[in-house]
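Source file query20.tsv; content: TSV, N, CA and C atoms.
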```
chain	number	residue	atom	x	y	z
A	1472	MET	N	-5.82	10.43	-71.58
A	1472	MET	CA	-6.13	11.73	-72.13
A	1472	MET	C	-5.24	12.76	-71.47
A	1473	SER	N	-4.74	13.58	-72.26
A	1473	SER	CA	-3.89	14.63	-71.73
A	1473	SER	C	-4.68	15.93	-71.65
A	1474	LEU	N	-4.12	16.87	-70.97
A	1474	LEU	CA	-4.77	18.16	-70.79
A	1474	LEU	C	-4.78	18.95	-72.11
A	1475	ASN	N	-3.77	18.74	-72.91
A	1475	ASN	CA	-3.70	19.43	-74.22
A	1475	ASN	C	-4.84	18.99	-75.14
A	1476	PHE	N	-5.20	17.73	-75.09
A	1476	PHE	CA	-6.28	17.24	-75.92
A	1476	PHE	C	-7.60	17.90	-75.54
A	1477	LEU	N	-7.79	18.11	-74.23
A	1477	LEU	CA	-9.02	18.75	-73.81
A	1477	LEU	C	-9.05	20.21	-74.22
A	1478	LEU	N	-7.91	20.85	-74.18
A	1478	LEU	CA	-7.87	22.25	-74.58
A	1478	LEU	C	-8.07	22.43	-76.10
A	1479	ASP	N	-7.57	21.45	-76.80
A	1479	ASP	CA	-7.69	21.54	-78.25
A	1479	ASP	C	-9.12	21.33	-78.72
A	1480	ALA	N	-9.88	20.62	-78.00
A	1480	ALA	CA	-11.25	20.33	-78.41
A	1480	ALA	C	-12.17	21.51	-78.15
A	1481	ARG	N	-11.66	22.55	-77.56
A	1481	ARG	CA	-12.39	23.77	-77.29
A	1481	ARG	C	-13.60	23.53	-76.38
A	1482	LYS	N	-13.43	22.63	-75.49
A	1482	LYS	CA	-14.47	22.38	-74.52
A	1482	LYS	C	-14.09	23.05	-73.21
A	1483	PRO	N	-15.07	23.51	-72.48
A	1483	PRO	CA	-14.72	24.12	-71.20
A	1483	PRO	C	-14.20	23.06	-70.21
A	1484	VAL	N	-13.12	23.38	-69.59
A	1484	VAL	CA	-12.48	22.46	-68.64
A	1484	VAL	C	-12.62	23.04	-67.24
A	1485	SER	N	-13.11	22.22	-66.35
A	1485	SER	CA	-13.18	22.67	-64.95
A	1485	SER	C	-12.39	21.67	-64.10
A	1486	VAL	N	-11.39	22.16	-63.54
A	1486	VAL	CA	-10.55	21.34	-62.68
A	1486	VAL	C	-10.85	21.73	-61.23
A	1487	LEU	N	-11.30	20.77	-60.50
A	1487	LEU	CA	-11.69	21.03	-59.11
A	1487	LEU	C	-10.58	20.51	-58.20
A	1488	ILE	N	-9.99	21.39	-57.48
A	1488	ILE	CA	-8.94	21.01	-56.53
A	1488	ILE	C	-9.50	21.23	-55.13
A	1489	GLU	N	-9.52	20.14	-54.36
A	1489	GLU	CA	-10.03	20.21	-52.99
A	1489	GLU	C	-8.86	20.24	-52.04
A	1490	CYS	N	-8.95	21.11	-51.12
A	1490	CYS	CA	-7.90	21.23	-50.10
A	1490	CYS	C	-8.53	20.88	-48.76
A	1491	ILE	N	-8.01	19.86	-48.13
A	1491	ILE	CA	-8.53	19.45	-46.83
A	1491	ILE	C	-7.53	19.82	-45.76
A	1492	ARG	N	-8.02	20.51	-44.78
A	1492	ARG	CA	-7.15	20.95	-43.70
A	1492	ARG	C	-7.53	20.19	-42.44
A	1493	ASN	N	-6.57	19.52	-41.82
A	1493	ASN	CA	-6.81	18.78	-40.60
A	1493	ASN	C	-6.42	19.63	-39.39
A	1494	ALA	N	-7.07	19.33	-38.29
A	1494	ALA	CA	-6.78	20.08	-37.07
A	1494	ALA	C	-5.41	19.68	-36.55
A	1495	SER	N	-4.70	20.66	-36.02
A	1495	SER	CA	-3.36	20.38	-35.51
A	1495	SER	C	-3.35	20.16	-34.00
A	1496	LYS	N	-4.46	20.46	-33.33
A	1496	LYS	CA	-4.56	20.26	-31.89
A	1496	LYS	C	-5.88	19.59	-31.56
A	1497	LYS	N	-5.88	18.93	-30.39
A	1497	LYS	CA	-7.14	18.32	-29.95
A	1497	LYS	C	-8.13	19.41	-29.58
A	1498	THR	N	-9.39	19.13	-29.78
A	1498	THR	CA	-10.40	20.11	-29.43
A	1498	THR	C	-11.15	19.67	-28.20
A	1499	GLY	N	-11.46	20.64	-27.38
A	1499	GLY	CA	-12.30	20.39	-26.21
A	1499	GLY	C	-11.63	19.54	-25.15
A	1500	GLY	N	-12.11	19.64	-23.96
A	1500	GLY	CA	-11.61	18.80	-22.88
A	1500	GLY	C	-10.34	19.35	-22.27
A	1501	SER	N	-10.07	18.89	-21.08
A	1501	SER	CA	-8.88	19.34	-20.38
A	1501	SER	C	-7.76	18.34	-20.60
A	1502	THR	N	-6.55	18.81	-20.58
A	1502	THR	CA	-5.40	17.93	-20.75
A	1502	THR	C	-4.80	17.53	-19.40
A	1503	ARG	N	-5.41	17.96	-18.31
A	1503	ARG	CA	-4.90	17.56	-17.00
A	1503	ARG	C	-5.29	16.12	-16.70
A	1504	ASN	N	-4.48	15.47	-15.89
A	1504	ASN	CA	-4.72	14.11	-15.40
A	1504	ASN	C	-4.91	13.11	-16.54
A	1505	THR	N	-4.20	13.31	-17.62
A	1505	THR	CA	-4.30	12.35	-18.71
A	1505	THR	C	-3.35	11.18	-18.49
A	1506	ASN	N	-2.35	11.35	-17.64
A	1506	ASN	CA	-1.38	10.30	-17.38
A	1506	ASN	C	-1.66	9.70	-16.00
A	1507	CYS	N	-2.77	9.02	-15.84
A	1507	CYS	CA	-3.19	8.52	-14.53
A	1507	CYS	C	-2.49	7.22	-14.19
A	1508	LYS	N	-1.19	7.28	-14.00
A	1508	LYS	CA	-0.43	6.08	-13.66
A	1508	LYS	C	-0.10	6.02	-12.17
A	1509	VAL	N	-0.48	7.02	-11.41
A	1509	VAL	CA	-0.20	7.02	-9.98
A	1509	VAL	C	-1.28	6.22	-9.29
A	1510	ARG	N	-0.87	5.15	-8.61
A	1510	ARG	CA	-1.83	4.29	-7.94
A	1510	ARG	C	-1.63	4.39	-6.44
A	1511	PRO	N	-2.70	4.34	-5.65
A	1511	PRO	CA	-2.56	4.42	-4.20
A	1511	PRO	C	-1.90	3.16	-3.64
A	1512	LYS	N	-1.27	3.30	-2.49
A	1512	LYS	CA	-0.53	2.18	-1.90
A	1512	LYS	C	-1.38	1.32	-0.99
A	1513	HIS	N	-2.52	1.80	-0.56
A	1513	HIS	CA	-3.45	1.06	0.30
A	1513	HIS	C	-2.76	0.60	1.58
A	1514	ARG	N	-2.12	1.52	2.26
A	1514	ARG	CA	-1.47	1.18	3.52
A	1514	ARG	C	-2.47	1.20	4.66
A	1515	GLY	N	-2.12	0.53	5.75
A	1515	GLY	CA	-2.98	0.51	6.93
A	1515	GLY	C	-3.28	-0.91	7.37
A	1516	TRP	N	-4.34	-1.07	8.15
A	1516	TRP	CA	-4.74	-2.36	8.69
A	1516	TRP	C	-5.21	-3.26	7.56
A	1517	LYS	N	-4.77	-4.50	7.57
A	1517	LYS	CA	-5.26	-5.50	6.62
A	1517	LYS	C	-6.16	-6.51	7.32
A	1518	VAL	N	-5.96	-6.70	8.62
A	1518	VAL	CA	-6.74	-7.66	9.40
A	1518	VAL	C	-7.25	-6.94	10.64
A	1519	GLN	N	-8.52	-7.10	10.93
A	1519	GLN	CA	-9.11	-6.43	12.08
A	1519	GLN	C	-8.90	-7.25	13.35
A	1520	ASP	N	-9.17	-6.63	14.48
A	1520	ASP	CA	-9.04	-7.25	15.78
A	1520	ASP	C	-10.06	-8.39	15.92
A	1521	GLY	N	-9.59	-9.56	16.34
A	1521	GLY	CA	-10.48	-10.69	16.55
A	1521	GLY	C	-10.52	-11.68	15.40
A	1522	HIS	N	-9.89	-11.39	14.26
A	1522	HIS	CA	-9.89	-12.31	13.13
A	1522	HIS	C	-8.81	-13.37	13.31
A	1523	PHE	N	-9.00	-14.51	12.66
A	1523	PHE	CA	-8.02	-15.58	12.69
A	1523	PHE	C	-7.15	-15.49	11.44
A	1524	VAL	N	-5.83	-15.68	11.63
A	1524	VAL	CA	-4.88	-15.59	10.52
A	1524	VAL	C	-3.98	-16.83	10.53
A	1525	GLN	N	-3.36	-17.07	9.39
A	1525	GLN	CA	-2.37	-18.13	9.25
A	1525	GLN	C	-0.98	-17.51	9.35
A	1526	ALA	N	0.02	-18.35	9.49
A	1526	ALA	CA	1.41	-17.86	9.58
A	1526	ALA	C	1.80	-17.20	8.26
A	1527	GLY	N	2.42	-16.05	8.34
A	1527	GLY	CA	2.85	-15.31	7.16
A	1527	GLY	C	1.84	-14.32	6.64
A	1528	HIS	N	0.65	-14.27	7.20
A	1528	HIS	CA	-0.40	-13.35	6.75
A	1528	HIS	C	-0.02	-11.91	7.13
A	1529	ILE	N	-0.22	-10.96	6.21
A	1529	ILE	CA	0.11	-9.55	6.47
A	1529	ILE	C	-0.99	-8.94	7.33
A	1530	LEU	N	-0.58	-8.31	8.44
A	1530	LEU	CA	-1.53	-7.70	9.36
A	1530	LEU	C	-1.70	-6.21	9.08
A	1531	ALA	N	-0.61	-5.50	8.78
A	1531	ALA	CA	-0.68	-4.06	8.52
A	1531	ALA	C	0.52	-3.66	7.68
A	1532	THR	N	0.32	-2.64	6.83
A	1532	THR	CA	1.43	-2.05	6.09
A	1532	THR	C	1.53	-0.59	6.48
A	1533	GLN	N	2.76	-0.09	6.54
A	1533	GLN	CA	2.96	1.27	7.03
A	1533	GLN	C	4.27	1.81	6.49
A	1534	ARG	N	4.38	3.12	6.43
A	1534	ARG	CA	5.62	3.76	6.02
A	1534	ARG	C	6.48	4.05	7.25
A	1535	ASN	N	5.90	4.63	8.27
A	1535	ASN	CA	6.59	4.86	9.54
A	1535	ASN	C	6.09	3.83	10.55
A	1536	THR	N	6.74	3.74	11.70
A	1536	THR	CA	6.30	2.75	12.69
A	1536	THR	C	5.10	3.29	13.45
A	1537	ARG	N	3.95	3.18	12.84
A	1537	ARG	CA	2.70	3.60	13.47
A	1537	ARG	C	2.17	2.47	14.36
A	1538	PHE	N	2.32	1.23	13.89
A	1538	PHE	CA	1.92	0.05	14.64
A	1538	PHE	C	3.18	-0.73	14.99
A	1539	HIS	N	3.17	-1.37	16.14
A	1539	HIS	CA	4.36	-2.08	16.61
A	1539	HIS	C	4.07	-3.57	16.70
A	1540	PRO	N	5.10	-4.41	16.51
A	1540	PRO	CA	4.89	-5.85	16.61
A	1540	PRO	C	4.82	-6.29	18.07
A	1541	GLY	N	3.90	-7.19	18.34
A	1541	GLY	CA	3.74	-7.74	19.68
A	1541	GLY	C	4.08	-9.22	19.68
A	1542	LEU	N	3.28	-9.99	20.38
A	1542	LEU	CA	3.48	-11.42	20.53
A	1542	LEU	C	3.21	-12.13	19.21
A	1543	ASN	N	4.17	-12.93	18.75
A	1543	ASN	CA	4.08	-13.74	17.52
A	1543	ASN	C	3.85	-12.91	16.27
A	1544	VAL	N	4.36	-11.68	16.25
A	1544	VAL	CA	4.24	-10.80	15.08
A	1544	VAL	C	5.63	-10.33	14.69
A	1545	GLY	N	5.92	-10.38	13.39
A	1545	GLY	CA	7.21	-9.94	12.87
A	1545	GLY	C	7.11	-8.60	12.18
A	1546	LEU	N	8.26	-7.91	12.08
A	1546	LEU	CA	8.34	-6.60	11.43
A	1546	LEU	C	9.25	-6.73	10.22
A	1547	GLY	N	8.69	-6.47	9.03
A	1547	GLY	CA	9.47	-6.56	7.80
A	1547	GLY	C	10.37	-5.34	7.61
A	1548	ARG	N	11.22	-5.41	6.59
A	1548	ARG	CA	12.16	-4.31	6.34
A	1548	ARG	C	11.45	-3.03	5.92
A	1549	ASN	N	10.29	-3.16	5.28
A	1549	ASN	CA	9.54	-1.97	4.85
A	1549	ASN	C	8.46	-1.58	5.86
A	1550	GLY	N	8.49	-2.14	7.07
A	1550	GLY	CA	7.55	-1.77	8.11
A	1550	GLY	C	6.29	-2.62	8.14
A	1551	THR	N	6.23	-3.65	7.31
A	1551	THR	CA	5.05	-4.51	7.27
A	1551	THR	C	5.01	-5.40	8.50
A	1552	LEU	N	3.85	-5.51	9.12
A	1552	LEU	CA	3.65	-6.43	10.24
A	1552	LEU	C	3.02	-7.71	9.70
A	1553	PHE	N	3.58	-8.87	10.08
A	1553	PHE	CA	3.06	-10.14	9.60
A	1553	PHE	C	2.99	-11.14	10.75
A	1554	ALA	N	2.07	-12.10	10.63
A	1554	ALA	CA	1.89	-13.11	11.67
A	1554	ALA	C	2.96	-14.18	11.52
A	1555	MET	N	3.55	-14.56	12.65
A	1555	MET	CA	4.57	-15.61	12.64
A	1555	MET	C	3.97	-16.96	13.00
A	1556	GLU	N	2.78	-16.98	13.56
A	1556	GLU	CA	2.07	-18.21	13.88
A	1556	GLU	C	0.59	-18.02	13.57
A	1557	ALA	N	-0.09	-19.13	13.40
A	1557	ALA	CA	-1.54	-19.07	13.17
A	1557	ALA	C	-2.24	-18.80	14.49
A	1558	GLY	N	-3.26	-17.97	14.45
A	1558	GLY	CA	-4.01	-17.68	15.66
A	1558	GLY	C	-4.93	-16.49	15.51
A	1559	LYS	N	-5.38	-15.97	16.64
A	1559	LYS	CA	-6.33	-14.86	16.68
A	1559	LYS	C	-5.58	-13.54	16.84
A	1560	VAL	N	-5.97	-12.53	16.06
A	1560	VAL	CA	-5.33	-11.21	16.12
A	1560	VAL	C	-5.94	-10.40	17.26
A	1561	VAL	N	-5.08	-9.83	18.09
A	1561	VAL	CA	-5.51	-8.97	19.18
A	1561	VAL	C	-4.70	-7.67	19.08
A	1562	VAL	N	-5.39	-6.55	18.95
A	1562	VAL	CA	-4.72	-5.25	18.88
A	1562	VAL	C	-4.87	-4.59	20.24
A	1563	THR	N	-3.74	-4.21	20.83
A	1563	THR	CA	-3.76	-3.59	22.15
A	1563	THR	C	-3.10	-2.22	22.08
A	1564	CYS	N	-3.47	-1.38	23.01
A	1564	CYS	CA	-2.85	-0.07	23.17
A	1564	CYS	C	-2.05	-0.12	24.46
A	1565	GLU	N	-0.73	-0.12	24.33
A	1565	GLU	CA	0.15	-0.30	25.48
A	1565	GLU	C	1.04	0.92	25.66
A	1566	GLN	N	1.54	1.06	26.87
A	1566	GLN	CA	2.43	2.18	27.17
A	1566	GLN	C	3.78	1.92	26.53
A	1567	PHE	N	4.33	2.96	25.92
A	1567	PHE	CA	5.58	2.89	25.19
A	1567	PHE	C	6.65	3.57	26.01
A	1568	ASP	N	7.75	2.87	26.28
A	1568	ASP	CA	8.85	3.42	27.05
A	1568	ASP	C	10.09	3.49	26.16
A	1569	PRO	N	10.31	4.63	25.48
A	1569	PRO	CA	11.45	4.72	24.55
A	1569	PRO	C	12.76	4.93	25.28
A	1570	TYR	N	13.85	4.68	24.58
A	1570	TYR	CA	15.20	4.92	25.07
A	1570	TYR	C	15.52	6.40	24.82
A	1571	TRP	N	15.46	7.21	25.88
A	1571	TRP	CA	15.52	8.66	25.73
A	1571	TRP	C	16.89	9.19	25.32
A	1572	GLU	N	17.93	8.37	25.41
A	1572	GLU	CA	19.27	8.82	25.02
A	1572	GLU	C	19.47	8.79	23.51
A	1573	HIS	N	18.62	8.11	22.81
A	1573	HIS	CA	18.77	8.00	21.36
A	1573	HIS	C	18.36	9.31	20.69
A	1574	LYS	N	19.13	9.72	19.67
A	1574	LYS	CA	18.87	11.02	19.02
A	1574	LYS	C	17.54	11.02	18.27
A	1575	TRP	N	17.18	9.89	17.64
A	1575	TRP	CA	15.92	9.82	16.92
A	1575	TRP	C	14.75	9.98	17.88
A	1576	VAL	N	14.83	9.36	19.06
A	1576	VAL	CA	13.78	9.46	20.07
A	1576	VAL	C	13.70	10.89	20.58
A	1577	GLN	N	14.84	11.53	20.80
A	1577	GLN	CA	14.84	12.92	21.26
A	1577	GLN	C	14.21	13.84	20.24
A	1578	ARG	N	14.45	13.59	18.96
A	1578	ARG	CA	13.91	14.44	17.91
A	1578	ARG	C	12.40	14.27	17.77
A	1579	ASN	N	11.92	13.03	17.84
A	1579	ASN	CA	10.50	12.77	17.59
A	1579	ASN	C	9.62	12.93	18.82
A	1580	TYR	N	10.19	12.75	20.00
A	1580	TYR	CA	9.38	12.82	21.23
A	1580	TYR	C	9.86	13.94	22.14
A	1581	ALA	N	10.38	15.00	21.57
A	1581	ALA	CA	10.87	16.12	22.38
A	1581	ALA	C	9.72	16.77	23.12
A	1582	GLY	N	9.92	17.04	24.39
A	1582	GLY	CA	8.91	17.68	25.21
A	1582	GLY	C	7.89	16.72	25.81
A	1583	ARG	N	8.04	15.42	25.58
A	1583	ARG	CA	7.10	14.43	26.11
A	1583	ARG	C	7.79	13.48	27.10
A	1584	GLU	N	8.86	13.94	27.71
A	1584	GLU	CA	9.63	13.07	28.60
A	1584	GLU	C	8.83	12.64	29.83
A	1585	ASN	N	7.98	13.50	30.35
A	1585	ASN	CA	7.24	13.20	31.57
A	1585	ASN	C	5.80	12.75	31.30
A	1586	GLN	N	5.49	12.44	30.04
A	1586	GLN	CA	4.14	12.02	29.69
A	1586	GLN	C	4.11	10.52	29.41
A	1587	ASN	N	2.93	9.94	29.52
A	1587	ASN	CA	2.73	8.55	29.14
A	1587	ASN	C	2.46	8.51	27.64
A	1588	ILE	N	3.24	7.72	26.93
A	1588	ILE	CA	3.08	7.58	25.48
A	1588	ILE	C	2.51	6.19	25.22
A	1589	PHE	N	1.41	6.14	24.47
A	1589	PHE	CA	0.76	4.87	24.16
A	1589	PHE	C	0.88	4.58	22.67
A	1590	LYS	N	1.11	3.31	22.34
A	1590	LYS	CA	1.23	2.86	20.96
A	1590	LYS	C	0.35	1.64	20.74
A	1591	LYS	N	-0.03	1.40	19.48
A	1591	LYS	CA	-0.83	0.22	19.14
A	1591	LYS	C	0.10	-0.94	18.82
A	1592	TYR	N	-0.17	-2.08	19.42
A	1592	TYR	CA	0.61	-3.30	19.22
A	1592	TYR	C	-0.29	-4.37	18.63
A	1593	PHE	N	0.20	-5.05	17.61
A	1593	PHE	CA	-0.49	-6.20	17.02
A	1593	PHE	C	0.06	-7.46	17.66
A	1594	ASN	N	-0.83	-8.31	18.18
A	1594	ASN	CA	-0.46	-9.57	18.79
A	1594	ASN	C	-1.24	-10.69	18.11
A	1595	VAL	N	-0.63	-11.85	18.04
A	1595	VAL	CA	-1.32	-13.04	17.53
A	1595	VAL	C	-1.29	-14.08	18.64
A	1596	ILE	N	-2.47	-14.43	19.14
A	1596	ILE	CA	-2.61	-15.44	20.18
A	1596	ILE	C	-2.81	-16.79	19.49
A	1597	PRO	N	-1.86	-17.74	19.66
A	1597	PRO	CA	-2.00	-19.02	18.95
A	1597	PRO	C	-3.19	-19.82	19.45
A	1598	GLU	N	-3.76	-20.60	18.54
A	1598	GLU	CA	-4.87	-21.47	18.91
A	1598	GLU	C	-4.36	-22.59	19.82
A	1599	PRO	N	-5.15	-22.99	20.80
A	1599	PRO	CA	-4.68	-24.09	21.66
A	1599	PRO	C	-4.61	-25.39	20.87
A	1600	GLN	N	-3.59	-26.19	21.17
A	1600	GLN	CA	-3.45	-27.46	20.47
A	1600	GLN	C	-4.48	-28.46	20.98
A	1601	HIS	N	-4.81	-29.39	20.13
A	1601	HIS	CA	-5.79	-30.40	20.52
A	1601	HIS	C	-5.17	-31.36	21.53
A	1602	ASN	N	-5.99	-31.94	22.37
A	1602	ASN	CA	-5.51	-32.91	23.37
A	1602	ASN	C	-6.07	-34.29	23.02
A	1603	ARG	N	-5.86	-34.71	21.79
A	1603	ARG	CA	-6.39	-36.00	21.34
A	1603	ARG	C	-5.27	-37.03	21.14
A	1604	PHE	N	-4.23	-36.93	21.94
A	1604	PHE	CA	-3.14	-37.88	21.84
A	1604	PHE	C	-3.54	-39.19	22.51
A	1605	LYS	N	-3.12	-40.28	21.94
A	1605	LYS	CA	-3.41	-41.59	22.51
A	1605	LYS	C	-2.11	-42.24	22.96
A	1606	LEU	N	-2.13	-42.87	24.09
A	1606	LEU	CA	-0.98	-43.56	24.61
A	1606	LEU	C	-0.87	-44.92	23.92
A	1607	ILE	N	0.22	-45.13	23.23
A	1607	ILE	CA	0.37	-46.38	22.46
A	1607	ILE	C	1.08	-47.44	23.32
A	1608	ASP	N	2.22	-47.11	23.83
A	1608	ASP	CA	3.00	-48.05	24.63
A	1608	ASP	C	3.51	-47.38	25.89
A	1609	GLU	N	3.60	-48.13	26.92
A	1609	GLU	CA	4.23	-47.62	28.13
A	1609	GLU	C	5.65	-48.14	28.18
A	1610	ILE	N	6.52	-47.35	28.69
A	1610	ILE	CA	7.92	-47.76	28.78
A	1610	ILE	C	8.11	-48.61	30.00
```

Would you encode the structure as C-alpha cells?
Amino acid sequence: MSLNFLLDARKPVSVLIECIRNASKKTGGSTRNTNCKVRPKHRGWKVQDGHFVQAGHILATQRNTRFHPGLNVGLGRNGTLFAMEAGKVVVTCEQFDPYWEHKWVQRNYAGRENQNIFKKYFNVIPEPQHNRFKLIDEI
C-alpha cells in the first residue's frame, strides 16, 4: 500500500514517528580509579626467624639494601635475599662497618662517622648431617 492510496480513500492518516534519544555520557558514579591495574609488589620478609627453608627459597625482597645477606644467604641482582643451603633461618642485628671513603657511603651515612650503625642480617644455619654411616670394608 502506498501513501497515495490512503490519501485517496479520504481516511484520516496518522503517522506516528518515535524519536529515541540515547544518553551520550555515563550517569552517576565517579570515574576515578576505573583503571585499577596497579598492583602492590609485596616486598619485605617472606620467611620469619626460626623457620626451616630449602635451598633457593626467597627470604626477603627489597628495593634498597634494607636487609643484608649473612651465612649461606645470597643476594640477587634486584636485592632479593635467597637461601643457598637448606636449614634454619636466623635473623640477627649486627654492627655495620662501612667503607667511609666510598662516595655512596659518604652520601647516605653523612654525620654518622662516630656512631655505631646496626643492620639486619639474614643467616641460614644448615641442618646437621646424620651420623648413620656404616663401615663396609677396612683398608

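One distance worth recording is that between atom CA of Phe1567 of chain A and atom N of Asn1587 of chain A, which is 8.7 Å.
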
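Residue neighbourhood of segment 1590-1595 of chain A, excluding near-sequence residues (fewer than 6 positions): Val1524, Leu1530, Arg1537, Phe1538, His1539, Pro1540, Gly1541, Leu1542, Asn1543, Val1544, Gly1545, Leu1552, Ala1554, Met1555, Glu1556, Ala1557, Gly1558, Lys1559, Val1560, Val1561, Val1562, Thr1563, Cys1564, Glu1565, Gln1566, Phe1567 and Asp1568 of chain A, at 8 Å, using all atoms listed in the file.
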
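Coordinates place atom C of Phe1553 of chain A at a distance of 7.0 Å from atom CA of Ala1526 of chain A.
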
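Our summary of the geometry notes that atom CA of Pro1569 of chain A is positioned 10.7 Å from atom CA of Phe1589 of chain A.
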
Residues of segment 1504-1556 of chain A in strand (DSSP E or B), written as a short mmCIF file (atom, residue, chain, number, x, y, z; two decimals) with N, CA and C atoms, keeping the file's coordinate frame:
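Wrote it out as out-v5.cif, contents follow:
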```
data_model
loop_
_atom_site.label_atom_id
_atom_site.label_comp_id
_atom_site.auth_asym_id
_atom_site.auth_seq_id
_atom_site.Cartn_x
_atom_site.Cartn_y
_atom_site.Cartn_z
N GLY A 1515 -2.12 0.53 5.75
CA GLY A 1515 -2.98 0.51 6.93
C GLY A 1515 -3.28 -0.91 7.37
N TRP A 1516 -4.34 -1.07 8.15
CA TRP A 1516 -4.74 -2.36 8.69
C TRP A 1516 -5.21 -3.26 7.56
N PHE A 1523 -9.00 -14.51 12.66
CA PHE A 1523 -8.02 -15.58 12.69
C PHE A 1523 -7.15 -15.49 11.44
N VAL A 1524 -5.83 -15.68 11.63
CA VAL A 1524 -4.88 -15.59 10.52
C VAL A 1524 -3.98 -16.83 10.53
N ILE A 1529 -0.22 -10.96 6.21
CA ILE A 1529 0.11 -9.55 6.47
C ILE A 1529 -0.99 -8.94 7.33
N LEU A 1530 -0.58 -8.31 8.44
CA LEU A 1530 -1.53 -7.70 9.36
C LEU A 1530 -1.70 -6.21 9.08
N ALA A 1531 -0.61 -5.50 8.78
CA ALA A 1531 -0.68 -4.06 8.52
C ALA A 1531 0.52 -3.66 7.68
N THR A 1532 0.32 -2.64 6.83
CA THR A 1532 1.43 -2.05 6.09
C THR A 1532 1.53 -0.59 6.48
N PHE A 1538 2.32 1.23 13.89
CA PHE A 1538 1.92 0.05 14.64
C PHE A 1538 3.18 -0.73 14.99
N HIS A 1539 3.17 -1.37 16.14
CA HIS A 1539 4.36 -2.08 16.61
C HIS A 1539 4.07 -3.57 16.70
N PRO A 1540 5.10 -4.41 16.51
CA PRO A 1540 4.89 -5.85 16.61
C PRO A 1540 4.82 -6.29 18.07
N VAL A 1544 4.36 -11.68 16.25
CA VAL A 1544 4.24 -10.80 15.08
C VAL A 1544 5.63 -10.33 14.69
N GLY A 1545 5.92 -10.38 13.39
CA GLY A 1545 7.21 -9.94 12.87
C GLY A 1545 7.11 -8.60 12.18
N LEU A 1546 8.26 -7.91 12.08
CA LEU A 1546 8.34 -6.60 11.43
C LEU A 1546 9.25 -6.73 10.22
N LEU A 1552 3.85 -5.51 9.12
CA LEU A 1552 3.65 -6.43 10.24
C LEU A 1552 3.02 -7.71 9.70
N PHE A 1553 3.58 -8.87 10.08
CA PHE A 1553 3.06 -10.14 9.60
C PHE A 1553 2.99 -11.14 10.75
N ALA A 1554 2.07 -12.10 10.63
CA ALA A 1554 1.89 -13.11 11.67
C ALA A 1554 2.96 -14.18 11.52
#
```

Could you give me the centre and size, in Å to one decimal, of an axis-aligned box around all listed atoms of segment 1575-1584 of chain A with 4 Å added on every side, as JSON?
```
{"center_x": 12.1, "center_y": 13.5, "center_z": 23.4, "size_x": 18.1, "size_y": 16.3, "size_z": 20.9}
```

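Residues with at least one atom no more than 7 Å from (-0.5, 0.6, 4.5), using only N, CA and C atoms, are Lys1512, His1513, Arg1514, Gly1515, Trp1516, Ala1531, Thr1532, Gln1533 and Arg1534 of chain A.
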
Looking at only N, CA and C atoms, which of A:Pro1597, A:Asn1602, A:Thr1536, A:Trp1571 is the one that sits closest to Glu1584 of chain A?
A:Trp1571
